file model-v7.csv (CSV, C-alpha atoms)
chain,number,residue,atom,x,y,z
A,1,MET,CA,0.0,0.0,0.0
A,2,ASN,CA,2.2,2.9,-1.3
A,3,SER,CA,-0.4,5.6,-1.5
A,4,LEU,CA,-0.6,8.3,1.2
A,5,ILE,CA,-4.4,8.1,1.3
A,6,ASN,CA,-7.0,5.6,0.1
A,7,PHE,CA,-10.8,5.4,0.4
A,8,TYR,CA,-12.9,2.3,1.1
A,9,ASN,CA,-16.6,1.5,0.8
A,10,GLY,CA,-17.8,-0.4,3.8
A,11,LYS,CA,-20.2,-1.2,6.5
A,12,ILE,CA,-20.2,-1.8,10.3
A,13,ILE,CA,-22.7,-4.4,11.6
A,14,HIS,CA,-23.8,-4.5,15.3
A,15,GLN,CA,-25.7,-7.5,16.6
A,16,ARG,CA,-26.8,-7.7,20.2
A,17,LEU,CA,-27.4,-11.2,21.5
A,18,GLY,CA,-29.4,-12.5,24.5
A,19,LYS,CA,-32.9,-12.2,25.7
A,20,VAL,CA,-33.5,-9.1,23.6
A,21,GLU,CA,-31.8,-9.2,20.3
A,22,HIS,CA,-31.0,-6.2,18.1
A,23,LYS,CA,-29.1,-5.6,14.9
A,24,PHE,CA,-28.3,-2.7,12.7
A,25,ILE,CA,-26.0,-1.9,9.8
A,26,ASN,CA,-24.2,1.4,9.2
A,27,LEU,CA,-22.9,2.0,5.6
A,28,HIS,CA,-20.1,4.5,5.3
A,29,LEU,CA,-17.0,5.8,3.5
A,30,PHE,CA,-13.7,5.0,5.2
A,31,LEU,CA,-10.4,6.8,4.9
A,32,LEU,CA,-7.1,5.0,5.1
A,33,ILE,CA,-4.2,7.4,5.7
A,34,ASN,CA,-0.5,6.6,6.1
A,35,ILE,CA,0.5,8.8,9.1
A,36,THR,CA,4.2,7.6,8.8
A,37,LYS,CA,4.7,9.0,5.3
A,38,ILE,CA,2.4,11.9,5.2
A,39,LYS,CA,3.8,15.2,6.4
A,40,SER,CA,2.2,18.6,7.1
A,41,CYS,CA,4.3,20.1,4.2
A,42,ASN,CA,2.6,17.9,1.6
A,43,LEU,CA,-1.0,18.4,2.6
A,44,SER,CA,-1.6,20.8,-0.3
A,45,TYR,CA,-0.5,18.1,-2.7
A,46,ILE,CA,-3.0,15.7,-1.3
A,47,SER,CA,-5.8,18.2,-1.5
A,48,GLY,CA,-4.9,18.9,-5.1
A,49,LYS,CA,-5.2,15.3,-6.0
A,50,VAL,CA,-8.6,14.8,-4.3
A,51,ARG,CA,-10.5,18.1,-4.2
A,52,LEU,CA,-13.3,16.8,-2.0
A,53,LEU,CA,-10.8,16.0,0.7
A,54,SER,CA,-8.9,18.4,3.0
A,55,ILE,CA,-6.7,17.8,6.0
A,56,ASN,CA,-7.3,20.0,9.1
A,57,LYS,CA,-9.5,22.2,6.9
A,58,PHE,CA,-13.2,22.4,6.1
A,59,ASN,CA,-14.4,20.5,3.0
A,60,VAL,CA,-17.0,18.0,1.8
A,61,LEU,CA,-14.6,15.3,3.3
A,62,SER,CA,-12.0,16.2,5.9
A,63,TRP,CA,-9.6,14.6,8.3
A,64,TYR,CA,-8.4,16.3,11.5
A,65,THR,CA,-5.4,15.1,13.5
A,66,LYS,CA,-7.0,16.5,16.6
A,67,ASP,CA,-9.8,13.8,16.3
A,68,HIS,CA,-7.2,11.1,17.2
A,69,GLY,CA,-4.5,10.1,19.6
A,70,ASN,CA,-4.9,12.2,22.7
A,71,ARG,CA,-6.9,14.7,20.7
A,72,LYS,CA,-4.5,17.6,21.3
A,73,TYR,CA,-2.2,17.6,18.3
A,74,GLN,CA,-2.7,19.8,15.2
A,75,LYS,CA,0.2,18.4,13.2
A,76,VAL,CA,0.4,14.9,11.7
A,77,GLU,CA,4.0,14.4,12.9
A,78,LYS,CA,2.9,15.0,16.5
A,79,LEU,CA,0.1,12.4,16.2
A,80,LYS,CA,2.5,9.9,14.8
A,81,GLU,CA,5.0,10.5,17.6
A,82,TYR,CA,2.2,10.0,20.2
A,83,ILE,CA,1.0,6.7,18.7
A,84,ILE,CA,4.5,5.3,18.5
A,85,ARG,CA,5.2,6.2,22.2
A,86,LEU,CA,1.8,4.6,23.1
A,87,SER,CA,2.4,1.4,21.2
A,88,LYS,CA,6.0,0.9,22.3
A,89,VAL,CA,6.7,-0.6,18.9
A,90,LYS,CA,10.4,-0.3,17.9
A,91,LYS,CA,10.5,-1.6,14.3
A,92,PHE,CA,8.0,-0.6,11.7
A,93,ASP,CA,7.9,0.7,8.1
A,94,ASP,CA,4.4,2.2,8.0
A,95,ILE,CA,1.4,3.1,10.2
A,96,HIS,CA,-1.9,3.2,8.4
A,97,LEU,CA,-4.9,4.7,10.2
A,98,LEU,CA,-8.4,3.6,9.2
A,99,CYS,CA,-11.2,5.9,10.2
A,100,PHE,CA,-14.3,7.8,9.1
A,101,PRO,CA,-13.7,11.2,7.4
A,102,ARG,CA,-15.7,14.1,8.6
A,103,ILE,CA,-18.6,15.1,6.3
A,104,PHE,CA,-19.0,18.9,6.0
A,105,ASN,CA,-16.9,19.1,9.2
A,106,PHE,CA,-19.2,16.8,11.2
A,107,GLY,CA,-18.1,13.4,12.2
A,108,PHE,CA,-17.7,10.8,14.9
A,109,ASN,CA,-15.4,7.8,14.9
A,110,PRO,CA,-16.6,5.1,17.4
A,111,ILE,CA,-13.5,3.0,16.3
A,112,SER,CA,-10.4,4.0,14.4
A,113,ILE,CA,-7.6,1.5,13.8
A,114,TYR,CA,-3.9,1.9,13.4
A,115,PHE,CA,-2.1,-0.9,11.5
A,116,PHE,CA,1.7,-1.2,12.0
A,117,SER,CA,3.5,-3.0,9.2
A,118,TYR,CA,7.1,-4.2,8.9
A,119,ASN,CA,8.5,-6.0,5.9
A,120,ASN,CA,5.1,-5.9,4.3
A,121,LYS,CA,3.4,-7.7,7.2
A,122,ILE,CA,1.0,-6.4,9.9
A,123,THR,CA,2.8,-6.7,13.2
A,124,HIS,CA,0.8,-4.6,15.7
A,125,THR,CA,-2.6,-3.0,15.8
A,126,ILE,CA,-4.1,-0.2,18.0
A,127,TYR,CA,-7.9,0.0,18.3
A,128,GLU,CA,-8.9,3.6,19.2
A,129,VAL,CA,-12.4,3.5,20.7
A,130,LYS,CA,-14.6,6.5,21.5
A,131,ASN,CA,-17.9,6.7,23.2
A,132,THR,CA,-20.6,9.4,22.9
A,133,PHE,CA,-19.8,10.6,26.5
A,134,GLY,CA,-16.5,12.1,25.2
A,135,ASP,CA,-14.1,9.4,26.5
A,136,ILE,CA,-11.4,7.7,24.4
A,137,HIS,CA,-9.4,4.5,25.0
A,138,HIS,CA,-6.7,2.7,23.1
A,139,TYR,CA,-6.5,-1.1,22.9
A,140,ILE,CA,-3.0,-2.1,21.9
A,141,THR,CA,-1.6,-5.4,20.6
A,142,ASN,CA,2.0,-6.1,21.5
A,143,ASN,CA,2.3,-9.4,19.6
A,144,LYS,CA,2.3,-10.6,16.0
A,145,VAL,CA,-1.1,-12.3,15.9
A,146,SER,CA,-4.2,-10.9,14.3
A,147,LYS,CA,-6.6,-12.2,17.0
A,148,SER,CA,-6.4,-10.4,20.4
A,149,ARG,CA,-8.2,-10.4,23.8
A,150,PHE,CA,-8.6,-7.3,25.9
A,151,ASN,CA,-10.3,-6.6,29.2
A,152,LYS,CA,-13.1,-4.1,28.6
A,153,SER,CA,-11.7,-0.9,30.0
A,154,MET,CA,-14.1,1.8,28.9
A,155,PHE,CA,-17.9,2.3,29.3
A,156,VAL,CA,-19.2,2.3,25.7
A,157,SER,CA,-23.0,1.6,25.8
A,158,PRO,CA,-25.4,2.5,28.6
A,159,PHE,CA,-27.1,-0.9,27.8
A,160,PHE,CA,-24.1,-3.0,28.9
A,161,LYS,CA,-22.2,-3.1,32.2
A,162,ASN,CA,-18.5,-2.2,32.1
A,163,ASP,CA,-17.3,-5.8,32.6
A,164,GLY,CA,-16.1,-8.7,30.5
A,165,HIS,CA,-13.7,-8.7,27.6
A,166,TYR,CA,-13.3,-8.3,23.8
A,167,ASP,CA,-12.0,-10.9,21.4
A,168,ILE,CA,-10.9,-9.0,18.3
A,169,LEU,CA,-9.8,-10.4,14.9
A,170,SER,CA,-8.5,-8.1,12.2
A,171,LYS,CA,-7.3,-8.6,8.7
A,172,PHE,CA,-5.7,-5.9,6.7
A,173,ARG,CA,-5.0,-6.7,3.0
A,174,ASP,CA,-4.1,-4.6,0.0
A,175,LYS,CA,-7.7,-4.0,-1.1
A,176,SER,CA,-9.8,-4.8,2.0
A,177,VAL,CA,-10.1,-4.6,5.7
A,178,PHE,CA,-12.0,-6.9,8.0
A,179,VAL,CA,-12.5,-6.7,11.7
A,180,LYS,CA,-14.6,-8.9,14.0
A,181,ILE,CA,-15.3,-8.0,17.6
A,182,ASN,CA,-17.0,-10.3,20.1
A,183,TYR,CA,-18.0,-8.7,23.4
A,184,ILE,CA,-18.1,-11.5,26.1
A,185,ALA,CA,-19.4,-11.2,29.6
A,186,LYS,CA,-20.0,-14.1,32.0
A,187,ASP,CA,-18.8,-16.6,29.4
A,188,LYS,CA,-21.5,-15.5,26.9
A,189,ILE,CA,-21.2,-13.4,23.7
A,190,ARG,CA,-23.3,-10.3,24.4
A,191,LEU,CA,-22.5,-8.4,21.2
A,192,LYS,CA,-21.0,-9.1,17.8
A,193,ALA,CA,-19.6,-6.3,15.6
A,194,PHE,CA,-18.1,-6.5,12.1
A,195,LEU,CA,-16.3,-4.0,10.0
A,196,ASN,CA,-15.9,-4.9,6.3
A,197,ALA,CA,-14.5,-2.4,3.8
A,198,THR,CA,-13.2,-2.6,0.2
A,199,ILE,CA,-10.9,-0.1,-1.5
A,200,ILE,CA,-12.3,2.2,-4.2
A,201,LYS,CA,-10.8,4.8,-6.5
A,202,SER,CA,-9.6,8.0,-4.9
A,203,ASP,CA,-11.1,10.4,-7.4
A,204,ASN,CA,-13.8,13.0,-7.0
A,205,ILE,CA,-16.5,11.3,-9.0
A,206,THR,CA,-16.1,7.9,-7.3
A,207,LEU,CA,-16.2,9.6,-3.9
A,208,PHE,CA,-19.2,11.7,-4.7
A,209,LEU,CA,-21.1,8.6,-5.9
A,210,ALA,CA,-20.1,6.7,-2.8
A,211,LEU,CA,-21.6,9.4,-0.6
A,212,ILE,CA,-24.9,9.1,-2.5
A,213,LYS,CA,-24.9,5.3,-2.6
A,214,ASN,CA,-24.3,5.0,1.1
A,215,LEU,CA,-26.7,7.8,2.0
A,216,ILE,CA,-23.9,9.6,3.9
A,217,PHE,CA,-24.7,12.9,5.5
A,218,PRO,CA,-23.1,15.1,8.3
A,219,GLY,CA,-23.3,13.3,11.6
A,220,LYS,CA,-24.7,10.1,10.2
A,221,VAL,CA,-22.8,7.7,12.6
A,222,TRP,CA,-23.5,9.8,15.7
A,223,ILE,CA,-27.2,10.2,14.8
A,224,ASN,CA,-27.6,6.5,14.0
A,225,ILE,CA,-26.0,5.5,17.4
A,226,HIS,CA,-28.6,7.5,19.3
A,227,TYR,CA,-31.4,6.3,17.0
A,228,GLN,CA,-30.5,2.7,17.8
A,229,ALA,CA,-30.2,3.6,21.5
A,230,LEU,CA,-33.8,4.9,21.4
A,231,LYS,CA,-34.9,1.6,19.9
A,232,LEU,CA,-33.2,-0.3,22.7
A,233,PHE,CA,-34.8,2.0,25.3
A,234,LEU,CA,-38.2,1.3,23.8
A,235,LYS,CA,-37.4,-2.4,24.1
A,236,LYS,CA,-37.1,-1.7,27.8
A,237,ILE,CA,-33.5,-2.8,28.1
A,238,LYS,CA,-32.0,-1.8,31.5
A,239,ILE,CA,-29.8,1.4,31.4
A,240,GLU,CA,-26.6,1.0,33.3
A,241,LYS,CA,-25.1,3.7,35.4
A,242,LYS,CA,-22.0,5.3,33.9
A,243,PRO,CA,-18.9,4.6,36.0
A,244,LEU,CA,-16.1,7.1,36.6
A,245,GLU,CA,-13.7,7.4,33.7
A,246,ASN,CA,-10.4,5.5,34.0
A,247,LYS,CA,-7.4,7.7,34.3
A,248,VAL,CA,-5.4,5.2,32.3
A,249,LYS,CA,-6.5,5.6,28.6
A,250,HIS,CA,-4.9,2.5,27.1
A,251,THR,CA,-5.0,-1.3,27.6
A,252,PHE,CA,-2.5,-3.8,26.3
A,253,VAL,CA,-3.6,-7.2,24.9
A,254,GLU,CA,-3.8,-10.1,27.4
A,255,LYS,CA,-0.9,-12.4,27.2
A,256,SER,CA,-1.8,-15.9,25.8
call {"tool": "encode", "arguments": {"input": "model-v7.csv", "output": "structure tokens"}}
result
Amino acid sequence: MNSLINFYNGKIIHQRLGKVEHKFINLHLFLLINITKIKSCNLSYISGKVRLLSINKFNVLSWYTKDHGNRKYQKVEKLKEYIIRLSKVKKFDDIHLLCFPRIFNFGFNPISIYFFSYNNKITHTIYEVKNTFGDIHHYITNNKVSKSRFNKSMFVSPFFKNDGHYDILSKFRDKSVFVKINYIAKDKIRLKAFLNATIIKSDNITLFLALIKNLIFPGKVWINIHYQALKLFLKKIKIEKKPLENKVKHTFVEKS
């Protein structure tokens, strides 16, 4: 993957299991950006290639560095340095970040993924998870396997307690990304989530058609999350009390 940026058509599927089942699909456009190779000085070149996209500026599609990492940095180089320190990875060639672009400056990334590669192989992964309460947490693999287990360390949904663990399987190929997440509590799978995305051409016409095809509008992900929460509320699922935020904002994979 030699390009600085690539776009993907994809979907996220959530399926709640148990006494009350619930399922929804979110179609969206994904952005894959190489934060190792990209520099603040070549942002104008990227914007010139894809006029619908801007970095750290308003446009139809935009990507802001301050949406990621510790959400403080304005420059790509600073975000890269933060992610490297967080991961403790010593050897890598590239770090690719998969996320949702903002649409007309509105956007929300419930999950963004950093893929570390070395000698053309994925060696480490960071899952950057946000909730609608404003918290953020990083789940970090420190081994060379694609499947990882993490203790649940951040309160995500008011319809689940903050216990249990995640089993996450990810596959990053040249033209596709696949992620499977099982949330397990008390030895039962409570939630299954899937991310499946396929690369598309990074030209203005293709991107415009993708926005129409996927019915993408400003704030789509955030609005859909709350719409689905309303459905769960109407199904009379118990709302759990939000615990205090953890001071530590990252969790390393459990050792096998």
call {"tool": "atom_distance", "arguments": {"input": "model-v7.csv", "atom1": "atom CA of A:Ala210", "atom2": "atom CA of A:Leu32"}}
result
15.3 Å
call {"tool": "residues_around", "arguments": {"input": "model-v7.csv", "residues": "A:Leu98", "least_positions_apart": "6", "cutoff": "6 Å", "atoms": "all atoms listed in the file", "output": "list of chain:residue names"}}
result
A:Leu31, A:Leu32, A:Ser112, A:Ile113
call {"tool": "closest_atom_pairs", "arguments": {"input": "model-v7.csv", "of": "stretch 29-79 of chain A", "to": "stretch 4-23 of chain A", "cutoff": "10 Å", "atoms": "only C-alpha atoms", "output": "Markdown table"}}
result
| residue | atom | partner | partner_atom | distance |
| --- | --- | --- | --- | --- |
| A:Leu29 | CA | A:Asn9 | CA | 5.1 |
| A:Phe30 | CA | A:Tyr8 | CA | 5.0 |
| A:Leu31 | CA | A:Phe7 | CA | 4.7 |
| A:Leu32 | CA | A:Asn6 | CA | 5.0 |
| A:Ile33 | CA | A:Ile5 | CA | 4.5 |
| A:Asn34 | CA | A:Leu4 | CA | 5.2 |
| A:Ile35 | CA | A:Leu4 | CA | 8.0 |
| A:Thr36 | CA | A:Leu4 | CA | 9.0 |
| A:Lys37 | CA | A:Leu4 | CA | 6.7 |
| A:Ile38 | CA | A:Leu4 | CA | 6.2 |
| A:Lys39 | CA | A:Leu4 | CA | 9.7 |
| A:Ile46 | CA | A:Ile5 | CA | 8.2 |
| A:Val50 | CA | A:Ile5 | CA | 9.7 |
call {"tool": "atom_distance", "arguments": {"input": "model-v7.csv", "atom1": "atom CA of A:Leu53", "atom2": "atom CA of A:Thr206"}}
result
12.6 Å
call {"tool": "atom_distance", "arguments": {"input": "model-v7.csv", "atom1": "atom CA of A:Leu61", "atom2": "atom CA of A:Leu86"}}
result
27.8 Å
call {"tool": "closest_residue", "arguments": {"input": "model-v7.csv", "among": "A:Tyr82, A:Phe252, A:Tyr64, A:Phe104", "to": "A:Leu211", "atoms": "all atoms listed in the file"}}
result
A:Phe104
call {"tool": "residues_around", "arguments": {"input": "model-v7.csv", "residues": "A:Lys161", "least_positions_apart": "5", "cutoff": "12 Å", "atoms": "all atoms listed in the file", "output": "ChimeraX atom specification"}}
result
/A:152-156,183-186,190,238-243
call {"tool": "write_last_selection", "arguments": {"input": "model-v7.csv", "atoms": "C-alpha atoms", "output": "mmCIF file, keeping the file's coordinate frame"}}
result
data_model
loop_
_atom_site.group_PDB
_atom_site.id
_atom_site.type_symbol
_atom_site.label_atom_id
_atom_site.label_comp_id
_atom_site.auth_asym_id
_atom_site.auth_seq_id
_atom_site.Cartn_x
_atom_site.Cartn_y
_atom_site.Cartn_z
ATOM 1 C CA LYS A 152 -13.100 -4.100 28.600
ATOM 2 C CA SER A 153 -11.700 -0.900 30.000
ATOM 3 C CA MET A 154 -14.100 1.800 28.900
ATOM 4 C CA PHE A 155 -17.900 2.300 29.300
ATOM 5 C CA VAL A 156 -19.200 2.300 25.700
ATOM 6 C CA TYR A 183 -18.000 -8.700 23.400
ATOM 7 C CA ILE A 184 -18.100 -11.500 26.100
ATOM 8 C CA ALA A 185 -19.400 -11.200 29.600
ATOM 9 C CA LYS A 186 -20.000 -14.100 32.000
ATOM 10 C CA ARG A 190 -23.300 -10.300 24.400
ATOM 11 C CA LYS A 238 -32.000 -1.800 31.500
ATOM 12 C CA ILE A 239 -29.800 1.400 31.400
ATOM 13 C CA GLU A 240 -26.600 1.000 33.300
ATOM 14 C CA LYS A 241 -25.100 3.700 35.400
ATOM 15 C CA LYS A 242 -22.000 5.300 33.900
ATOM 16 C CA PRO A 243 -18.900 4.600 36.000
#
call {"tool": "residues_around", "arguments": {"input": "model-v7.csv", "residues": "A:Gln228", "least_positions_apart": "5", "cutoff": "12 Å", "atoms": "all atoms listed in the file", "output": "MDAnalysis selection string"}}
result
chainID A and resid 14:16 22:26 157:159 221:223 233:235
call {"tool": "residues_around", "arguments": {"input": "model-v7.csv", "residues": "A:Ser176", "least_positions_apart": "4", "cutoff": "6 Å", "atoms": "all atoms listed in the file", "output": "count of residues only"}}
result
3
call {"tool": "closest_residue", "arguments": {"input": "model-v7.csv", "among": "A:Ile205, A:Ile95, A:Ile140, A:Leu232", "to": "A:Lys121", "atoms": "all atoms listed in the file"}}
result
A:Ile95
call {"tool": "closest_residue", "arguments": {"input": "model-v7.csv", "among": "A:Lys57, A:Lys130, A:Arg51, A:Lys249", "to": "A:Arg102", "atoms": "all atoms listed in the file"}}
result
A:Lys57
call {"tool": "closest_residue", "arguments": {"input": "model-v7.csv", "among": "A:Val76, A:Leu27, A:Val253, A:Ile216", "to": "A:Phe150", "atoms": "all atoms listed in the file"}}
result
A:Val253
call {"tool": "closest_residue", "arguments": {"input": "model-v7.csv", "among": "A:Arg149, A:His138, A:Arg71, A:Lys175", "to": "A:Ile200", "atoms": "all atoms listed in the file"}}
result
A:Lys175
call {"tool": "residues_around", "arguments": {"input": "model-v7.csv", "residues": "A:Asn182", "least_positions_apart": "2", "cutoff": "6 Å", "atoms": "all atoms listed in the file", "output": "ChimeraX atom specification"}}
result
/A:166-167,191-192
call {"tool": "residues_near_point", "arguments": {"input": "model-v7.csv", "point": "(-15.4, -13.4, 11.3)", "cutoff": "12 Å", "atoms": "all atoms listed in the file", "output": "VMD selection string"}}
result
chain A and resid 13 146 to 147 167 to 171 177 to 182 192 to 196
